Every structure is written in structure tokens, then in C-alpha cells.
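Here the structure comes first, spelled out in C-alpha cells, and everything after it is commentary.
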Amino acid sequence: MKQLRPLRRRRIPISQSKKTEYRTAYLFLLPSLLGVGGFVFLPFLDVFRRSFLQASGHVFVGFGNYRTVLQNEAFQRAAGNTAKFMLVCIPLLLTLSLSIAVFVQQSKTYQKLMKTGFLLPMALPVASVAVCFKMIFDRHGWLNLFLRQFGGKGADWLSSDSAFWVLIACYVWKNLGYDMVLWLAGLSAIPKEQYDAAKVQGAGRWALFRYITLPQLAETIFVTGLLSFINAFRVFREAYLLSGDYPDKSIYMLQHLFNNWFTSLDIQKMTAAAVMLVLLIGGILSGEEFWKNCREKKEEQRK
């Protein structure tokens, strides 16, 4: 008997027009690729190399810099505060913005007014927002003056554990409108006929939201959560403007640590911590992308 040869996939030839389109696309992308490669990728490779060396003498120390960073008390505190901020802020921001988006979409009378009100913080500079919150929660701020008018005792909100929740409120208020716009885009893509058919069968508001709205917002949840995760790393601006270089221990973030190490030119710790942070963020983003691809494959198999 003749041995069967495995079937080979036929390569579909690319037309000349497609080749021209690809060349044109790469030509337009070339300046950006050169910029990213020259100003981001190559410097990061140098940072990765330096993370295994001593700052002076360029002596190879292996993972010594990484062990020093992981055992550093300031790094542990900053990493813990950043993780805590992410775990509290992102779910809170997503839940509030989704609730407001559903309410705004269902409201017909004051829809434009509410959109303008929630989008207004986006137009304000971060410095202005931080100054407003500082005027409210400072030791001599408006909140303490209000409490003392009614016989209460003021507190130093920005120099205690309350500073963490002040930072949460500042960040959520600033970014609430941005996430609301993303949710509204996803909600507008859901056909109204599905809601009408479910209402005819006696479905209530919670049933409509659970069985129609949420399943069809899966793509929007992924995009909004990803953008909120990336934007949450920029909270250093708010924290720095509220409390300066050395804030209360509850809002001492990784960006504060990097800023202080950069000021003191502690290259060994800074390079090792930067590599670990990039790997962590890259792993989280890759995990989210893997989850998205698995979900899309399951949906295709169902169809």
C-alpha cells in the first residue's frame, strides 16, 4: 500500500493591489515605528541590561538588584497601596459609570443636561481638580469649617488614612464621565426590539439588565476595564498635587517611589523595579487579551 502524504494547505496568492496596500500601510507606519523603536524599545532594552549591573563599575550582580527592591520596605508599601487602589477604584468606577450610563440613557427629559454635567470634569485640568479637592479636605479647608460650625471636630484628612478615600473620590469624579461615554456607546448598540419583546413576556428591569444588557456589553466591559486599568496608573498626578513628594503612607504610590529614586539617582533599584512593573502590566494585559480571544472562540463555536 502506498503511504498517504499529509495534505498541504494551499497558499492563497496575494493580489497586487493588496501588496500595494500593505506597502502603503507600512510606509505610513514607518515614522511611528522608528519613533517607538528609538525612544521606547531601545531605551527599555538598556534599562533591562542595567537592571543586572551595579550603577558604578558596571559589575554584573545577577538578580541582586531585584532582591534589593523586593526587600525594600518603601517598595512593598508603594506596591501594596497601588494594588489596593486598583482593586477598590476600578470596580467602583466601572459600577458607578455603568449605573449612570443606564440612568442617562433611560432619561429623556434631562439627558443632555446630565451628559454635560458628568462630562464637565473631563474638561478641567487635573491640577484644577486636585486644588479643588485640597481646598475641601485640607486641615483648614471647607469641610472642617463646615463641621466646626455645627460643633464638630475637624480632621487632617490629607495626612491620615482618610487620604486614600479622598484620592479615590478625586480620581473617580474626574474619570466618571469618560467611562460613562464608553458605556453609552455600548448601550446604544443593543437593539430596542429585544427589550420590547422581553417586556411583552413580563420581564422586569433587573431581568432586562441581567439577560439582555450585560451579555451584550461583554466587549464594552473589556474595553472600558482595560482603559480604566491603564488610566489608574496615572493617579500619581492627583496624589502628588494633593500631598506632594512624601504624602501620607496610605497614598504613597509606585510613582512616588520612582520619582524619589530618580531624584536620588538610585539607578539600580529604579531599573529593576521598572522591569518588574513592565512585566507585571504586560502579563495582566496579555491575560485580558487571552480571555477575550477564548471568549470569542467559544461564541464562534456556539454559532
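Simple scheme: letters A, B, ... for chains in C-alpha cells order, numbers from 1 for residues in each chain, numbers from 1 for ligands in the order shown.
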Next on the checklist: With only C-alpha atoms as the counted atoms, please give the residues lying no more than 6 Å from Ser159 (chain A), apart from itself and same-chain residues fewer than 2 positions off, as JSON, numbers by chain.
Outcome noted: {"A": [156, 157, 248]}
Just write the chosen residues, all heavy atoms, as a PDB file, in the first residue's frame.
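This went into part-v3.pdb:
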ATOM      1  N   ASP A 156      -7.447  66.178  59.919  1.00  0.00           N
ATOM      2  CA  ASP A 156      -6.445  66.391  58.877  1.00  0.00           C
ATOM      3  C   ASP A 156      -6.610  65.275  57.851  1.00  0.00           C
ATOM      4  O   ASP A 156      -5.918  64.261  57.878  1.00  0.00           O
ATOM      5  CB  ASP A 156      -5.043  66.373  59.486  1.00  0.00           C
ATOM      6  CG  ASP A 156      -4.013  66.990  58.548  1.00  0.00           C
ATOM      7  OD1 ASP A 156      -4.380  67.326  57.408  1.00  0.00           O
ATOM      8  OD2 ASP A 156      -2.850  67.134  58.950  1.00  0.00           O
ATOM      9  N   TRP A 157      -7.545  65.466  56.936  1.00  0.00           N
ATOM     10  CA  TRP A 157      -7.955  64.414  56.018  1.00  0.00           C
ATOM     11  C   TRP A 157      -6.824  63.940  55.113  1.00  0.00           C
ATOM     12  O   TRP A 157      -6.753  62.755  54.775  1.00  0.00           O
ATOM     13  CB  TRP A 157      -9.121  64.893  55.155  1.00  0.00           C
ATOM     14  CG  TRP A 157     -10.274  65.421  55.939  1.00  0.00           C
ATOM     15  CD1 TRP A 157     -10.558  66.717  56.214  1.00  0.00           C
ATOM     16  CD2 TRP A 157     -11.305  64.650  56.573  1.00  0.00           C
ATOM     17  NE1 TRP A 157     -11.698  66.825  56.977  1.00  0.00           N
ATOM     18  CE2 TRP A 157     -12.189  65.564  57.210  1.00  0.00           C
ATOM     19  CE3 TRP A 157     -11.579  63.292  56.667  1.00  0.00           C
ATOM     20  CZ2 TRP A 157     -13.302  65.155  57.920  1.00  0.00           C
ATOM     21  CZ3 TRP A 157     -12.695  62.864  57.377  1.00  0.00           C
ATOM     22  CH2 TRP A 157     -13.544  63.802  57.987  1.00  0.00           C
ATOM     23  N   ASP A 248       0.926  61.017  52.804  1.00  0.00           N
ATOM     24  CA  ASP A 248       0.601  60.050  53.849  1.00  0.00           C
ATOM     25  C   ASP A 248       0.875  58.635  53.332  1.00  0.00           C
ATOM     26  O   ASP A 248       0.795  58.364  52.136  1.00  0.00           O
ATOM     27  CB  ASP A 248      -0.878  60.187  54.246  1.00  0.00           C
ATOM     28  CG  ASP A 248      -1.254  59.238  55.367  1.00  0.00           C
ATOM     29  OD1 ASP A 248      -0.860  59.489  56.518  1.00  0.00           O
ATOM     30  OD2 ASP A 248      -1.914  58.223  55.067  1.00  0.00           O
TER      31      ASP A 248
END
Next on the checklist: Show me, as a list in words, the residues that have an atom within 9 Å of region 75-91 of chain A when counting only C-alpha atoms, minus same-chain residues fewer than 3 positions from it.
Outcome noted: Val69, Leu70, Gln71, Asn72, Leu94, Thr95, Leu96, Phe164, Ile168, Ala169, Tyr171, Val172, Gly225, Ser228, Phe229, Ala232, Phe233, Lys249, Ser250, Ile251, Tyr252, Met253, Leu254, Gln255, His256, Leu257 and Ala273 of chain A
Item to check | 9 Å contact set for Lys153 (chain A), only C-alpha atoms, chain neighbours under 5 positions out, as a PyMOL selection string | outcome: chain A and resi 144+147-148
Let's have the selection written as a PDB file, in the first residue's frame, with N, CA and C atoms.
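Once written, out_28.pdb looks like this:
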ATOM      1  N   ASN A 144     -13.776  71.108  57.097  1.00  0.00           N
ATOM      2  CA  ASN A 144     -13.540  71.322  58.527  1.00  0.00           C
ATOM      3  C   ASN A 144     -14.248  72.573  59.027  1.00  0.00           C
ATOM      4  N   LEU A 147     -17.848  71.573  59.500  1.00  0.00           N
ATOM      5  CA  LEU A 147     -18.052  70.733  60.682  1.00  0.00           C
ATOM      6  C   LEU A 147     -17.960  71.541  61.972  1.00  0.00           C
ATOM      7  N   ARG A 148     -17.051  72.501  62.014  1.00  0.00           N
ATOM      8  CA  ARG A 148     -16.896  73.311  63.220  1.00  0.00           C
ATOM      9  C   ARG A 148     -18.079  74.247  63.435  1.00  0.00           C
TER      10      ARG A 148
END
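Atom pair CA of Ala55 (chain A) / CA of Ile267 (chain A): separated by 6.0 Å.
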Next on the checklist: I need the helix (DSSP H, G or I) residues of region 125-286 of chain A per DSSP on the backbone, written as a ChimeraX atom specification.
Outcome noted: /A:126-137,142-149,157-159,162-188,192-200,205-216,218-243,249-251,254-263,267-286
Checklist entry - By how many Å are CA of Gly62 (chain A) and CA of Asp266 (chain A) apart? => result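 Those two atoms sit 17.1 Å apart.
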Item to check | Residues near region 173-176 of chain A, cut-off 7 Å, only C-alpha atoms, skip fewer than 6 positions along chain, as a ChimeraX atom specification | outcome: /A:93,97,118,121-122
What does the file look like for those residues with C-alpha atoms, as an mmCIF file, in the first residue's frame?
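And here is the file that came out, out.cif:
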data_model
loop_
_atom_site.group_PDB
_atom_site.id
_atom_site.type_symbol
_atom_site.label_atom_id
_atom_site.label_comp_id
_atom_site.auth_asym_id
_atom_site.auth_seq_id
_atom_site.Cartn_x
_atom_site.Cartn_y
_atom_site.Cartn_z
ATOM 1 C CA LEU A 93 -15.559 53.393 38.790
ATOM 2 C CA SER A 97 -20.273 54.795 35.457
ATOM 3 C CA PHE A 118 -20.911 64.325 34.041
ATOM 4 C CA PRO A 121 -14.856 67.180 34.897
ATOM 5 C CA MET A 122 -13.118 65.836 31.787
#
Next on the checklist: Env of Gly117 (chain A): 12 Å cut, atoms = only C-alpha atoms, seq-sep filter 3 positions within chain, self excluded. Answer as JSON, numbers by chain.
Outcome noted: {"A": [100, 104, 110, 111, 112, 113, 114, 120, 121, 122, 123, 173, 174, 176, 177, 178, 180]}
Checklist entry - By how many Å are CA of Ile230 (chain A) and CA of Leu92 (chain A) apart? => result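 CA of Leu92 (chain A) lies 15.3 Å from CA of Ile230 (chain A).
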Item to check | Distance query Val126 (chain A) at most 7 Å, only C-alpha atoms, self and fewer than 3 positions along chain excluded, as a ChimeraX atom specification | outcome: /A:129-130,238
Write the selection just made, keeping C-alpha atoms, as an mmCIF file, in the first residue's frame?
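Final file, selection-v6.cif:
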data_model
loop_
_atom_site.group_PDB
_atom_site.id
_atom_site.type_symbol
_atom_site.label_atom_id
_atom_site.label_comp_id
_atom_site.auth_asym_id
_atom_site.auth_seq_id
_atom_site.Cartn_x
_atom_site.Cartn_y
_atom_site.Cartn_z
ATOM 1 C CA VAL A 129 -9.424 69.255 40.192
ATOM 2 C CA ALA A 130 -6.716 68.465 42.744
ATOM 3 C CA GLU A 238 -3.635 63.674 41.705
#
Checklist entry - Residues at most 12 Å from region 29-44 of chain A, counting only C-alpha atoms, excluding those fewer than 2 positions away in the same chain, as a list in words? => result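 Here the answer would be Tyr22, Arg23, Thr24, Ala25, Tyr26, Leu27, Asp46, Val47, Phe48, Arg49, Arg50, Ser51, Thr271, Ala272, Ala274, Val275, Val278 and Leu279 of chain A.
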Write a file of the just-selected residues containing all heavy atoms, as a short mmCIF file (atom, residue, chain, number, x, y, z; two decimals), in the first residue's frame.
data_model
loop_
_atom_site.label_atom_id
_atom_site.label_comp_id
_atom_site.auth_asym_id
_atom_site.auth_seq_id
_atom_site.Cartn_x
_atom_site.Cartn_y
_atom_site.Cartn_z
N TYR A 22 -0.55 47.01 1.52
CA TYR A 22 0.31 46.67 2.65
C TYR A 22 1.56 47.55 2.66
O TYR A 22 1.99 48.04 3.72
CB TYR A 22 0.72 45.20 2.59
CG TYR A 22 -0.42 44.24 2.86
CD1 TYR A 22 -0.39 42.94 2.36
CD2 TYR A 22 -1.51 44.61 3.64
CE1 TYR A 22 -1.42 42.05 2.60
CE2 TYR A 22 -2.55 43.74 3.90
CZ TYR A 22 -2.50 42.46 3.38
OH TYR A 22 -3.52 41.58 3.61
N ARG A 23 2.15 47.77 1.50
CA ARG A 23 3.34 48.60 1.41
C ARG A 23 3.02 50.05 1.82
O ARG A 23 3.79 50.69 2.54
CB ARG A 23 3.91 48.58 0.00
CG ARG A 23 4.54 47.23 -0.38
CD ARG A 23 4.89 47.21 -1.85
NE ARG A 23 5.39 45.90 -2.26
CZ ARG A 23 5.59 45.54 -3.53
NH1 ARG A 23 5.32 46.42 -4.51
NH2 ARG A 23 6.06 44.35 -3.82
N THR A 24 1.87 50.53 1.36
CA THR A 24 1.47 51.89 1.72
C THR A 24 1.23 52.01 3.23
O THR A 24 1.63 53.00 3.85
CB THR A 24 0.20 52.29 0.96
OG1 THR A 24 0.42 52.11 -0.44
CG2 THR A 24 -0.17 53.73 1.24
N ALA A 25 0.58 50.98 3.80
CA ALA A 25 0.31 50.99 5.24
C ALA A 25 1.62 51.00 6.04
O ALA A 25 1.79 51.79 6.99
CB ALA A 25 -0.54 49.80 5.64
N TYR A 26 2.56 50.13 5.66
CA TYR A 26 3.84 50.09 6.36
C TYR A 26 4.62 51.39 6.16
O TYR A 26 5.37 51.81 7.07
CB TYR A 26 4.67 48.90 5.89
CG TYR A 26 4.20 47.58 6.45
CD1 TYR A 26 3.81 46.54 5.61
CD2 TYR A 26 4.16 47.36 7.83
CE1 TYR A 26 3.38 45.32 6.12
CE2 TYR A 26 3.73 46.16 8.36
CZ TYR A 26 3.34 45.14 7.49
OH TYR A 26 2.91 43.95 8.01
N LEU A 27 4.47 52.01 5.02
CA LEU A 27 5.16 53.27 4.77
C LEU A 27 4.64 54.36 5.70
O LEU A 27 5.42 55.15 6.25
CB LEU A 27 4.97 53.68 3.31
CG LEU A 27 5.71 54.95 2.86
CD1 LEU A 27 7.22 54.75 2.98
CD2 LEU A 27 5.34 55.30 1.42
N ASP A 46 18.08 48.89 27.22
CA ASP A 46 19.20 49.36 28.04
C ASP A 46 18.85 49.31 29.53
O ASP A 46 19.70 48.97 30.36
CB ASP A 46 19.58 50.78 27.62
CG ASP A 46 20.80 51.29 28.35
OD1 ASP A 46 21.89 50.69 28.21
OD2 ASP A 46 20.68 52.27 29.10
N VAL A 47 17.59 49.65 29.86
CA VAL A 47 17.15 49.55 31.26
C VAL A 47 17.20 48.10 31.72
O VAL A 47 17.64 47.80 32.84
CB VAL A 47 15.73 50.13 31.40
CG1 VAL A 47 15.13 49.77 32.76
CG2 VAL A 47 15.74 51.63 31.22
N PHE A 48 16.76 47.19 30.86
CA PHE A 48 16.79 45.76 31.20
C PHE A 48 18.23 45.29 31.43
O PHE A 48 18.50 44.53 32.38
CB PHE A 48 16.15 44.96 30.07
CG PHE A 48 16.07 43.48 30.33
CD1 PHE A 48 15.11 42.97 31.19
CD2 PHE A 48 16.96 42.61 29.74
CE1 PHE A 48 15.04 41.61 31.45
CE2 PHE A 48 16.90 41.25 29.98
CZ PHE A 48 15.94 40.75 30.84
N ARG A 49 19.17 45.75 30.63
CA ARG A 49 20.58 45.39 30.81
C ARG A 49 21.13 45.96 32.11
O ARG A 49 21.82 45.27 32.86
CB ARG A 49 21.39 45.91 29.61
CG ARG A 49 22.88 45.61 29.68
CD ARG A 49 23.59 46.24 28.49
NE ARG A 49 23.56 47.69 28.57
CZ ARG A 49 24.45 48.42 29.23
NH1 ARG A 49 25.43 47.83 29.90
NH2 ARG A 49 24.35 49.74 29.24
N ARG A 50 20.81 47.21 32.40
CA ARG A 50 21.33 47.85 33.60
C ARG A 50 20.74 47.26 34.89
O ARG A 50 21.33 47.42 35.97
CB ARG A 50 21.03 49.35 33.57
CG ARG A 50 21.87 50.13 32.57
CD ARG A 50 21.41 51.57 32.49
NE ARG A 50 22.19 52.34 31.55
CZ ARG A 50 23.30 53.02 31.87
NH1 ARG A 50 23.73 53.02 33.11
NH2 ARG A 50 23.97 53.71 30.96
N SER A 51 19.57 46.61 34.78
CA SER A 51 18.95 46.04 35.99
C SER A 51 19.76 44.88 36.55
O SER A 51 19.54 44.47 37.69
CB SER A 51 17.53 45.58 35.68
OG SER A 51 17.53 44.48 34.78
N THR A 271 15.86 50.67 37.83
CA THR A 271 15.81 49.83 36.64
C THR A 271 15.17 48.48 36.95
O THR A 271 14.34 47.98 36.18
CB THR A 271 17.22 49.62 36.09
OG1 THR A 271 18.09 49.15 37.14
CG2 THR A 271 17.78 50.91 35.53
N ALA A 272 15.52 47.88 38.08
CA ALA A 272 14.94 46.59 38.44
C ALA A 272 13.44 46.71 38.68
O ALA A 272 12.65 45.87 38.20
CB ALA A 272 15.63 46.03 39.68
N ALA A 274 11.45 48.99 37.45
CA ALA A 274 10.80 49.30 36.17
C ALA A 274 10.58 48.04 35.35
O ALA A 274 9.51 47.86 34.75
CB ALA A 274 11.64 50.31 35.39
N VAL A 275 11.57 47.15 35.31
CA VAL A 275 11.43 45.90 34.56
C VAL A 275 10.32 45.04 35.15
O VAL A 275 9.47 44.48 34.43
CB VAL A 275 12.76 45.13 34.53
CG1 VAL A 275 12.57 43.75 33.93
CG2 VAL A 275 13.79 45.91 33.72
N VAL A 278 6.89 46.57 34.26
CA VAL A 278 6.53 46.35 32.85
C VAL A 278 6.08 44.91 32.64
O VAL A 278 5.09 44.64 31.94
CB VAL A 278 7.71 46.70 31.94
CG1 VAL A 278 7.47 46.21 30.52
CG2 VAL A 278 7.94 48.21 31.92
N LEU A 279 6.80 43.96 33.24
CA LEU A 279 6.42 42.55 33.10
C LEU A 279 5.06 42.28 33.74
O LEU A 279 4.26 41.51 33.19
CB LEU A 279 7.49 41.66 33.73
CG LEU A 279 8.86 41.64 33.03
CD1 LEU A 279 9.84 40.77 33.80
CD2 LEU A 279 8.73 41.15 31.60
#
